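Below: the structure, in structure tokens.
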Amino acid sequence: MRYTKIAIVGITGAGKSTLSRRIAQKTGLPVFHMDALFWRGEWQEVPEKEYVEAHQEILKKNGRWIIEGWVSEAMSDRLRQADLIIYLDYPGWLAAVHYVERWQKHRIVARPELPRESRDRFKFRRFFLSFFRSERPQIEKALASASDPKKVVRITSMEQMEDYLESTF
């Protein structure tokens, strides 16, 4: 099956951005990063109304996409419209390790999806969010309320993700 709308969700540090770029290379689909909607330079939060509206604009104006990042019920239209939802449901320790690795890599130069001024800062709160998978209940709630379970591929290990990428794209 050829997918044209792919949503990638998971807790902080799961590797959503990295996976989205890899799938985009294989499919040619454009990638939209939710972090680009959430943050302005120097980690200034965008008001919720503004980023929810920007999210809706992406959905209205684009017939093909990969959208990766945080999902809540306010942004669950992406899950309803997606033909594939990849849920990176990794163990908390693995996401926490990824979080530390990302911080080390991007503490001097910002991630490509963020403003130049938004270099990663290590935050214990974020580390523990990942480690204890604290965001997971909100993700599960959004998935349950907005998506067809047949569209969801739950990936629980790096090996499973590599196998899935190789066999699907």
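Letters for chains follow the order of the structure tokens (A, B, ...), residue numbers begin at 1 for each chain, and ligand numbers begin at 1 in the order shown.
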Per DSSP on the backbone, filter range 7-113 of chain A down to the residues in helix (DSSP H, G or I) and report them as a VMD selection string. chain A and resid 16 to 27 34 to 38 41 to 43 48 to 61 73 to 75 77 to 81 92 to 106
Fewer than 5 positions away in the same chain doesn't count, so skip those; otherwise give me all residues within 12 Å of Val152 in chain A, counting only C-alpha atoms, as a short mmCIF file (atom, residue, chain, number, x, y, z; two decimals) with C-alpha atoms, in the first residue's frame.
```cif
data_model
loop_
_atom_site.label_atom_id
_atom_site.label_comp_id
_atom_site.auth_asym_id
_atom_site.auth_seq_id
_atom_site.Cartn_x
_atom_site.Cartn_y
_atom_site.Cartn_z
CA ILE A 6 1.48 9.45 7.83
CA ALA A 7 1.27 10.53 11.47
CA ILE A 8 4.17 9.67 13.76
CA VAL A 9 3.57 9.92 17.50
CA LEU A 79 -4.96 10.93 13.31
CA ARG A 80 -8.38 10.76 11.65
CA ALA A 82 -3.83 9.71 8.34
CA ASP A 83 -3.77 6.48 6.35
CA LEU A 84 -0.98 5.26 8.64
CA ILE A 85 -0.17 6.11 12.26
CA ILE A 86 3.20 5.00 13.55
CA TYR A 87 3.28 4.97 17.34
CA LEU A 88 6.81 4.76 18.71
CA ASP A 89 5.94 3.16 22.04
CA GLU A 140 -3.19 6.80 24.13
CA LEU A 143 -5.32 7.58 19.60
CA ALA A 144 -8.39 5.97 21.15
CA ALA A 146 -9.53 9.75 16.93
CA SER A 147 -8.16 6.82 15.05
#
```
Measuring between only C-alpha atoms, which one of A:Glu101, A:Ser134, A:Tyr51, A:Lys61 shows the shortest distance to Trp39 in chain A? A:Tyr51
Based on DSSP run over this structure's backbone, return all residues of chain A in strand (DSSP E), as a list of chain:residue names.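 In chain A, DSSP puts these residues in strand (DSSP E): A:Lys5, A:Ile6, A:Ala7, A:Ile8, A:Val9, A:Gly10, A:Val31, A:Phe32, A:His33, A:Trp39, A:Arg40, A:Gln44, A:Glu45, A:Trp65, A:Ile66, A:Ile67, A:Glu68, A:Leu84, A:Ile85, A:Ile86, A:Tyr87, A:Leu88, A:Val152, A:Val153, A:Arg154, A:Ile155.
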Skipping near chain neighbours, those fewer than 4 positions away, what residues fall within 8 Å of Ala36 in chain A using only C-alpha atoms, listed as a PyMOL selection string? chain A and resi 32+40+113-115
Counting only C-alpha atoms, what is within 9 Å of Ala24 in chain A, bar same-chain residues fewer than 5 positions away, as a ChimeraX atom specification? /A:19,29-31,65-66
Just the selected residues (N, CA and C atoms), exported as a PDB file, in the first residue's frame, please.
```pdb
ATOM      1  N   LEU A  19      12.742   9.413  12.500  1.00  0.00           N
ATOM      2  CA  LEU A  19      11.960   8.475  11.689  1.00  0.00           C
ATOM      3  C   LEU A  19      11.239   9.193  10.554  1.00  0.00           C
ATOM      4  N   LEU A  29       7.450  12.199   0.591  1.00  0.00           N
ATOM      5  CA  LEU A  29       6.396  12.958   1.271  1.00  0.00           C
ATOM      6  C   LEU A  29       7.003  14.137   2.038  1.00  0.00           C
ATOM      7  N   PRO A  30       6.305  15.288   2.055  1.00  0.00           N
ATOM      8  CA  PRO A  30       6.804  16.416   2.850  1.00  0.00           C
ATOM      9  C   PRO A  30       6.609  16.146   4.347  1.00  0.00           C
ATOM     10  N   VAL A  31       7.538  16.647   5.146  1.00  0.00           N
ATOM     11  CA  VAL A  31       7.494  16.444   6.592  1.00  0.00           C
ATOM     12  C   VAL A  31       7.133  17.756   7.283  1.00  0.00           C
ATOM     13  N   TRP A  65       1.431  14.167   3.337  1.00  0.00           N
ATOM     14  CA  TRP A  65       2.273  14.633   4.435  1.00  0.00           C
ATOM     15  C   TRP A  65       2.728  13.511   5.358  1.00  0.00           C
ATOM     16  N   ILE A  66       3.792  13.862   6.063  1.00  0.00           N
ATOM     17  CA  ILE A  66       4.199  13.156   7.275  1.00  0.00           C
ATOM     18  C   ILE A  66       4.164  14.235   8.346  1.00  0.00           C
TER      19      ILE A  66
END
```
